[in-house]
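Contents: one structure, followed by commentary.
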Amino acid sequence: MTTMIDPQDLTGASYSALLYALAGATVFLLLGVSWVERGWKLVVGLAAIAMLVGACQAYDSRAAWVAAKSVSVAYPYAGWIISMPVQVLTLFFLAGRGGKVSQALFWRLAVVSILMVLVRYLGDAKLMAPTLAFLIGVAFWLYILGELYFGQMDEAVATGGGDALRRGYFWLRIVATVGWAIYPLGSFIVSFTSAVDDGRLSLAYNLAEFVNLIAFGLAVLATAMASADNDRVAAR
Amino acid sequence: MTTMIDPQDLTGASYSALLYALAGATVFLLLGVSWVERGWKLVVGLAAIAMLVGACQAYDSRAAWVAAKSVSVAYPYAGWIISMPVQVLTLFFLAGRGGKVSQALFWRLAVVSILMVLVRYLGDAKLMAPTLAFLIGVAFWLYILGELYFGQMDEAVATGGGDALRRGYFWLRIVATVGWAIYPLGSFIVSFTSAVDDGRLSLAYNLAEFVNLIAFGLAVLATAMASADNDRVAAR
Amino acid sequence: MTTMIDPQDLTGASYSALLYALAGATVFLLLGVSWVERGWKLVVGLAAIAMLVGACQAYDSRAAWVAAKSVSVAYPYAGWIISMPVQVLTLFFLAGRGGKVSQALFWRLAVVSILMVLVRYLGDAKLMAPTLAFLIGVAFWLYILGELYFGQMDEAVATGGGDALRRGYFWLRIVATVGWAIYPLGSFIVSFTSAVDDGRLSLAYNLAEFVNLIAFGLAVLATAMASADNDRVAAR
Amino acid sequence: MTTMIDPQDLTGASYSALLYALAGATVFLLLGVSWVERGWKLVVGLAAIAMLVGACQAYDSRAAWVAAKSVSVAYPYAGWIISMPVQVLTLFFLAGRGGKVSQALFWRLAVVSILMVLVRYLGDAKLMAPTLAFLIGVAFWLYILGELYFGQMDEAVATGGGDALRRGYFWLRIVATVGWAIYPLGSFIVSFTSAVDDGRLSLAYNLAEFVNLIAFGLAVLATAMASADNDRVAAR
Amino acid sequence: MTTMIDPQDLTGASYSALLYALAGATVFLLLGVSWVERGWKLVVGLAAIAMLVGACQAYDSRAAWVAAKSVSVAYPYAGWIISMPVQVLTLFFLAGRGGKVSQALFWRLAVVSILMVLVRYLGDAKLMAPTLAFLIGVAFWLYILGELYFGQMDEAVATGGGDALRRGYFWLRIVATVGWAIYPLGSFIVSFTSAVDDGRLSLAYNLAEFVNLIAFGLAVLATAMASADNDRVAAR
């Protein structure tokens with residue numbers, strides 16, 4: 001602990017801010033589980049778990065950064081391999097609030113999202129040919145996006161869901177499309193260039209996590225709360 | 001841990017006292033979430049999260065202080081960039097208990113309060129021209145005060161809120177005006193003078209946090225509890 | 001952590017026992033908040049927070065003791081400046097269960113109890129003339145005792161409270177009179193003599209905390225639970 | 001903490017991922033306890049406790065791995081000797097949702113599952129003849145499997161349970177058969193060969209824990225939630 | 001943390017297993033508080049607190065053992081002086097579910113059980129003549145057993161309690177008779193012989209804690225849950 005965060009160490013400061021934000025957001029979403037209706041508790045609970053995993057990852061990564069001013073790729077991927085599948089399944093159960101989604105889709109999404117993170121890690125850690133890993137990782141990501149845009153989930157939301165659910169699903173899908181684009185981009189940079197030092201990439205990842213984890217989680221809670229109001233109005 | 005807090009180390013003692021107070025206040029407000037009515041849970045929950053972030057910040061800052069008898073500006077700003085926007089949004093949702101406040105205002109407040117802390121940090125860390133950063137930071141702060149005094153929030157509270165809400169909003173606005181004045185003041189001192197050593201400024205910040213975080217949070221809880229009593233009386 | 005608590009280190013052992021007891025009592029009182037009636041939740045919650053602060057203080061003090069076999073006065077006072085005002089306000093709200101107590105009294109008690117601990121600390125740390133600090137500290141304590149024995153709180157309890165509340169208030173006041181006498185006594189010894197080494201005074205403080213924090217907190221919970229039974233009988 | 005997880009340290013990364021997953025799953029199942037019906041709370045609670053123990057074990061094992069790049073067998077067995085009996089008893093109480101299961105069976109399962117882990121540990125640590133320990137360990141495991149397939153539990157589920165319970169029991173039994181086969185296999189390898197280094201075996205164990213602890217726990221929660229829906233349909 | 005638990009270090013492994021088991025059991029009993037009836041919450045809550053204190057003690061003792069391969073007597077006694085009185089008072093309140101038990105008995109049990117642990121510690125730490133301490137400790141223990149077998153508590157359970165309470169009280173009393181016999185035995189060995197090294201005695205204590213703390217706590221929860229079922233049947 002003798003090594004401190006310097007005043008100008010933007011990466012270190014971003015790790016601290018991310019950790020605090022994720023810790024706060026986790027507690028907030030755990031509170032939120034008791035505010036939403038029975039059917040939404042699972043969805044909000046999963047979003048809270050993704051945030052909790054992100055907080056653990058940020059805690060460990062910050063310790064590594066403070067000690068060595070560099071974070072090995074093992075740190076973020078150990079968190080992403082848990083938090084990203086949890087987020088994908090959050091979307092699955094959220095879509096399920098609109099209409100029926102098949103159990104087979106659950107398993108496909110779970111397996112593909114785990115494999116997506118795994119191959120990216122293997123590529124970044126040079127445990128697998130980076131080009132191949134990059135391509136497979138992108139393919140898996142596209143598959144998930146395909147399911148989100150053209151699959152059962154989109155259908156369930158479009159046909160059975162209320163306005164609030166539709167709006168929430170729309171924005172969450174944007175996060176999964178635009179926000180998550182940073183991960184293959186980062187992979188690409190790590191694997192194929194040597195131009196970016198570790199600190200700047202970590203900083204970019206940390207800023208992205210604010211959108212990808214925290215905004216995502218809060219949007220899920222907002223959707224759950226707005227949906228309940230929606231249903232109440234509709235029931236009149 | 002061989003370096004201890006000396007008997008006469010007022011700054012170290014103030015970090016400890018602040019940490020204990022914030023930890024206690026966080027747990028107290030989390031308890032309080034279950035004491036207030038459904039519509040107030042979000043408001044009190046947000047105030048609790050701001051306090052939780054403050055407690056994490058105090059914990060890390062104290063460790064830095066004990067180890068080095070100096071705390072880099074990265075420490076407080078990593079906390080403030082989370083806790084201050086959360087506090088501003090607490091006020092937004094609190095005002096929303098009185099009447100309608102627009103979603104656009106939510107986003108403006110969120111963005112401006114994050115930017116306000118960010119430019120202050122960049123200025124204090126000399127990552128940006130201090131004078132410019134100071135001026136922008138003050139401008140953003142004035143914008144928030146403007147919204148609080150002359151915007152939708154004031155209107156919502158003045159027209160739709162009960163006595164308890166009006167009184168609570170009045171005092172919380174005072175905190176945001178008088179209490180928060182220490183941050184640009186501190187920035188000013190750090191950026192333009194070299195007269196004050198780190199310990200005395202940290203001590204001043206710590207004392208200010210007792211008002212800005214803890215009194216703020218407790219006032220939110222008190223407003224929520226008094227509002228409920230108010231409404232009950234009004235409903236008779 | 002290579003320095004351990006020796007078998008015969010009574011002070012070290014008392015820090016451990018106090019820490020365990022406070023941790024247990026904190027969780028117990030937090031559980032207790034859900035056992036008592038709505039109006040008592042605030043009172044029991046405050047007592048739990050005082051205990052939580054005491055537990056944090058004991059944790060830090062023990063670490064300091066184990067590392068250096070001496071604890072600077074900054075450690076206990078950092079806890080007391082939070083826990084003692086919280087306890088005084090616990091008594092204020094407890095008395096409020098009997099009848100009306102004025103808001104002005106709330107602020108007087110809050111300010112006086114904070115100042116009481118502050119001047120004692122300044123005196124013990126030689127940051128202020130010890131004799132003056134000692135006298136002011138005693139004067140503040142006597143003021144609080146005066147309020148407890150002859151002020152609004154006593155009146156509210158005597159006129160409006162049930163048997164259980166009266167009995168509870170009686171015993172809690174005894175703690176504030178007899179148990180809290182150790183703090184000025186300790187101050188006196190630290191300031192005016194050099195006969196007692198740190199370990200023995202810390203041991204005495206730790207034993208006193210069992211009464212002043214734990215017995216106090218449990219008495220508050222017992223009063224709250226007995227009061228509810230009382231009211232139920234009276235309502236028949 | 002100067003020793004970090006290297007980018008290519010698959011074992012270290014797997015410890016981190018397992019720890020995050022177990023922490024998340026523990027909190028998720030603790031949330032889940034409040035989602036299921038009264039009779040299922042004990043079952044889901046036990047599954048959560050098994051996961052909590054697994055998380056503690058993963059935390060300690062990771063620290064050992066990071067410090068020494070090797071984990072003594074004392075680490076996993078200290079966790080398994082608690083978590084595996086808890087899981088076996090989870091199955092016992094889950095089967096009890098279908099029909100009556102005798103108290104004698106409870107004690108037999110508790111004792112046998114503790115002894116099963118104990119002899120494996122004694123064998124792996126060479127505190128007992130490895131061949132004998134291996135054989136006794138396998139015998140105890142077969143006894144538990146016998147109870148699961150041909151004993152009272154199977155009968156209770158088959159006769160009294162709904163569809164959801166039957167399906168859940170089926171899959172949980174598969175985990176106890178296929179997933180748990182890694183423990184005697186690992187014992188066998190540790191005791192009778194010297195071909196595998198510590199890291200690869202730990203990695204295999206960690207991957208197995210994802211199924212044996214996390215999938216197991218989530219399947220218990222899913223069974224509890226589906227059973228409630230089942231009963232509701234049946235009650236119509 | 002560079003010193004690890006060796007594969008063959010049975011004492012170290014038993015500390016880990018005890019810690020995991022106590023952590024799990026604490027959370028389980030805290031969950032259990034919400035499963036039992038109002039009148040039983042206090043009893044189960046106290047049992048949970050005893051377990052929490054035991055977990056803290058195991059955590060600290062394990063750290064001491066790992067660092068020095070020896071644990072000074074200050075460690076276990078710091079925990080026992082809190083957990084044993086809490087357990088005795090758990091029995092007092094449990095017996096009170098059967099019929100009236102006097103407040104005087106509460107105070108006698110509290111004081112005697114604290115003194116019992118205190119004199120044992122003073123004897124083991126050679127701060128008091130070991131023979132005298134041993135004899136006084138045994139006398140206090142016999143007094144508690146006398147109250148359990150022939151006092152008000154036995155009468156309250158025998159006359160007013162249901163079957164479940166009687167059975168639970170019977171087994172808990174057995175734990176206090178047979179299980180607790182290890183403490184004077186250990187005292188005796190420490191004080192009057194030099195034949196046993198620290199590790200083996202710690203191991204024996206740890207194994208005893210599984211019965212004395214965990215089995216005790218789970219039996220309290222089982223009694224509370226069975227009693228509720230009992231009363232429900234009786235009420236028909």
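Residue numbering restarts at 1 for every chain of the structure tokens, chains are lettered A, B, ... in their displayed order, and ligands are numbered from 1 as they appear.
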Just asking: which residues within stretch 120-167 of chain A are helix (DSSP H, G or I) according to DSSP, as number ranges by chain?
-> A: 120-124, 130-150, 152-160, 163-167
Residues near D:Ala17, cut-off 7 Å, only C-alpha atoms, skip fewer than 2 positions along chain, as a VMD selection string | (chain A and resid 78 to 79 82) or (chain D and resid 13 to 15 19 to 21)
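The part of chain B that reaches within 9 Å of chain C is made up of B:Met1, B:Thr2, B:Thr3, B:Met4, B:Ile5, B:Asp6, B:Pro7, B:Gln8, B:Asp9, B:Leu10, B:Gly12, B:Ala13, B:Ser14, B:Tyr15, B:Ser16, B:Ala17, B:Leu18, B:Tyr20, B:Ala21, B:Ala23, B:Gly24, B:Ala25, B:Val27, B:Phe28, B:Leu31, B:Gly32, B:Trp35, counting only C-alpha atoms.
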Residue selection dump (C-alpha atoms) as a tab-separated table (two decimals), in the first residue's frame:
chain	number	residue	atom	x	y	z
B	1	MET	CA	0.16	-0.58	9.13
B	2	THR	CA	3.24	0.32	11.12
B	3	THR	CA	2.51	3.97	10.49
B	4	MET	CA	-0.16	5.05	12.92
B	5	ILE	CA	-2.25	8.10	13.49
B	6	ASP	CA	-0.38	10.32	15.95
B	7	PRO	CA	-2.24	11.80	18.92
B	8	GLN	CA	-1.95	15.29	17.45
B	9	ASP	CA	-2.66	14.35	13.83
B	10	LEU	CA	-5.95	16.21	13.44
B	12	GLY	CA	-5.78	11.57	10.44
B	13	ALA	CA	-8.26	11.70	13.32
B	14	SER	CA	-10.75	13.53	11.10
B	15	TYR	CA	-10.44	10.83	8.41
B	16	SER	CA	-11.22	8.17	11.02
B	17	ALA	CA	-14.16	10.09	12.46
B	18	LEU	CA	-15.50	10.81	8.96
B	20	TYR	CA	-17.02	5.97	11.08
B	21	ALA	CA	-19.72	8.60	10.65
B	23	ALA	CA	-20.33	4.02	7.64
B	24	GLY	CA	-22.89	4.56	10.39
B	25	ALA	CA	-24.95	7.00	8.31
B	27	VAL	CA	-26.34	1.77	7.37
B	28	PHE	CA	-28.81	4.15	9.01
B	31	LEU	CA	-32.47	1.04	7.29
B	32	GLY	CA	-34.40	4.24	6.61
B	35	TRP	CA	-39.25	3.23	6.96
Would you list the contacts of D:Ile114 as a PyMOL selection string, taking every protein, DNA or RNA residue within 8 Å and counting only C-alpha atoms, but skipping same-chain residues closer than 3 positions in sequence?
-> chain D and resi 81-82+84-85+110-111+117-118
Based on the selection just made, write N, CA, C and O atoms of those residues as a PDB file, in the first residue's frame.
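Written file, result26.pdb:
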ATOM      1  N   ILE D  81     -15.182 -30.131   2.765  1.00  0.00           N
ATOM      2  CA  ILE D  81     -15.706 -30.866   3.927  1.00  0.00           C
ATOM      3  C   ILE D  81     -16.921 -30.157   4.517  1.00  0.00           C
ATOM      4  O   ILE D  81     -17.701 -30.759   5.265  1.00  0.00           O
ATOM      5  N   ILE D  82     -17.100 -28.888   4.171  1.00  0.00           N
ATOM      6  CA  ILE D  82     -18.324 -28.197   4.591  1.00  0.00           C
ATOM      7  C   ILE D  82     -19.330 -28.180   3.441  1.00  0.00           C
ATOM      8  O   ILE D  82     -20.499 -28.497   3.612  1.00  0.00           O
ATOM      9  N   MET D  84     -19.738 -29.964   0.582  1.00  0.00           N
ATOM     10  CA  MET D  84     -20.342 -31.178   0.028  1.00  0.00           C
ATOM     11  C   MET D  84     -21.417 -31.771   0.939  1.00  0.00           C
ATOM     12  O   MET D  84     -22.504 -32.108   0.455  1.00  0.00           O
ATOM     13  N   PRO D  85     -21.184 -31.894   2.254  1.00  0.00           N
ATOM     14  CA  PRO D  85     -22.303 -32.335   3.099  1.00  0.00           C
ATOM     15  C   PRO D  85     -23.502 -31.397   3.016  1.00  0.00           C
ATOM     16  O   PRO D  85     -24.639 -31.867   3.005  1.00  0.00           O
ATOM     17  N   ALA D 110     -25.355 -37.117   6.397  1.00  0.00           N
ATOM     18  CA  ALA D 110     -24.454 -36.115   6.963  1.00  0.00           C
ATOM     19  C   ALA D 110     -23.113 -36.750   7.316  1.00  0.00           C
ATOM     20  O   ALA D 110     -22.046 -36.268   6.911  1.00  0.00           O
ATOM     21  N   VAL D 111     -23.162 -37.878   8.032  1.00  0.00           N
ATOM     22  CA  VAL D 111     -21.920 -38.516   8.490  1.00  0.00           C
ATOM     23  C   VAL D 111     -21.121 -39.053   7.314  1.00  0.00           C
ATOM     24  O   VAL D 111     -19.910 -38.832   7.206  1.00  0.00           O
ATOM     25  N   VAL D 117     -15.255 -36.848   2.378  1.00  0.00           N
ATOM     26  CA  VAL D 117     -14.268 -35.799   2.106  1.00  0.00           C
ATOM     27  C   VAL D 117     -13.048 -35.968   3.014  1.00  0.00           C
ATOM     28  O   VAL D 117     -11.909 -35.784   2.590  1.00  0.00           O
ATOM     29  N   LEU D 118     -13.289 -36.365   4.273  1.00  0.00           N
ATOM     30  CA  LEU D 118     -12.191 -36.490   5.230  1.00  0.00           C
ATOM     31  C   LEU D 118     -11.175 -37.539   4.781  1.00  0.00           C
ATOM     32  O   LEU D 118      -9.968 -37.279   4.771  1.00  0.00           O
TER      33      LEU D 118
END
Separation of atom CA of E:Asp229 from atom CA of E:Gln103, in Å and rounded to one decimal =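 Separation between atom CA of E:Asp229 and atom CA of E:Gln103: 28.3 Å.
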